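Engineer: Below are the structure tokens for one structure; questions will follow.
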Amino acid sequence: SDTGTVSIQDTESNLASFLVNANAGTTFNSGDIEIAAANGIFAAGTIASSTLNGQGGAITLESDTLIETGSLQAFGGGDVAITSLNAAISTGDISTSVSISPNDPAPPSRAGGSITINANGNIQTQSLSTQGLVAGGDINLISRDGTITTGNITSGESIAPFNPDNIPISSSVPIQYTEVGGRVTLTSRGDIQSGTIITYASDTGGSVALYSSI
């Protein structure tokens, strides 16, 4: 069955954890994960809200101060949003890709989930990946008063071709699908350093924009 929401809030201290999991079975929807802590979030292990053929849950982390995490997994197209109001953010790999077989009926979301990271200080991540059957999700990193350092960034249509004929519909009007790559935007007051940035699709590749005020 579908997984419920995991919500953790601490307005007084920091939050340290090793594993948060809201994964669902193969055909069910994952629950959302929401973590908010006033004085920092430190998650050494994986935070995961994933499913194979259902809808991946969203992962939302917010703190007034430092956020440090291991990998974040929202397989199935869940969105990931991380916000530090006054400090830095450091993460492992982040993936919001849809990994359903192209011969199965389409999941609720056929696009990769978005990845949004917003910090007052430095942003440091490993690889960022959002791939969907017809579209990649948008990736947006903003460091208001620091630098951005990332691994490889990938947004686009999944390698396996999407087959819309496998979607059951009652209408006789054919459905049009446009495969598009997601938009990748990195905005920083300081330096921006990244690995390879790829945004691609069969029809239209996404845009890549890097902004630094130095």
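Residues are named by chain letter and number: chains run A, B, ... in the order of the structure tokens, numbers start at 1 in each chain, and ligands are numbered from 1 in the order shown.
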Set the distance at 6 Å and use only C-alpha atoms: which residues neighbour region 121-136 of chain A once local chain neighbours fewer than 4 positions away are removed? I'd like the list as a PyMOL selection string.

Structural biologist: chain A and resi 87-98+110-112+143+145-158+162+179-182

Engineer: Please report the interatomic distance between CA of Ser194 (chain A) and CA of Gln73 (chain A) in Å with one decimal.

Structural biologist: 20.4 Å

Engineer: With only C-alpha atoms as the basis for distance, which of A:Gly78, A:Gly206, A:Gly190, A:Gly40 is at the shortest distance from Ala58 (chain A)?

Structural biologist: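 Smallest distance to Ala58 (chain A) is found for A:Gly78.
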
Engineer: Rank nothing, just name the residue among A:Ala209, A:Ile47, A:Ile59, A:Ile33 nearest to Leu72 (chain A), using only C-alpha atoms.

Structural biologist: A:Ile47

Engineer: So how far away is CA of Ile115 (chain A) from CA of Ile197 (chain A), in Å?

Structural biologist: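 Rounded to one decimal, the two atoms are 14.2 Å apart.
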
Engineer: Can you work out which one of A:Ala44, A:Leu210, A:Ala74, A:Ala201 has the shortest atom-to-atom distance to Asn140 (chain A), counting only C-alpha atoms?

Structural biologist: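 Of A:Ala44, A:Leu210, A:Ala74, A:Ala201, the one nearest Asn140 (chain A) is A:Leu210, counting only C-alpha atoms.
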
Engineer: For a quick check of understanding, using only C-alpha atoms, which of A:Ser84, A:Thr116, A:Thr60, A:Thr204 has the smallest distance to Thr185 (chain A)?

Structural biologist: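 Closest residue, counting only C-alpha atoms: A:Thr116.
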
Engineer: Mind pulling up the distance from CA of Thr69 (chain A) to CA of Gly113 (chain A)?

Structural biologist: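 Result for CA of Gly113 (chain A) versus CA of Thr69 (chain A): 18.7 Å, one decimal.
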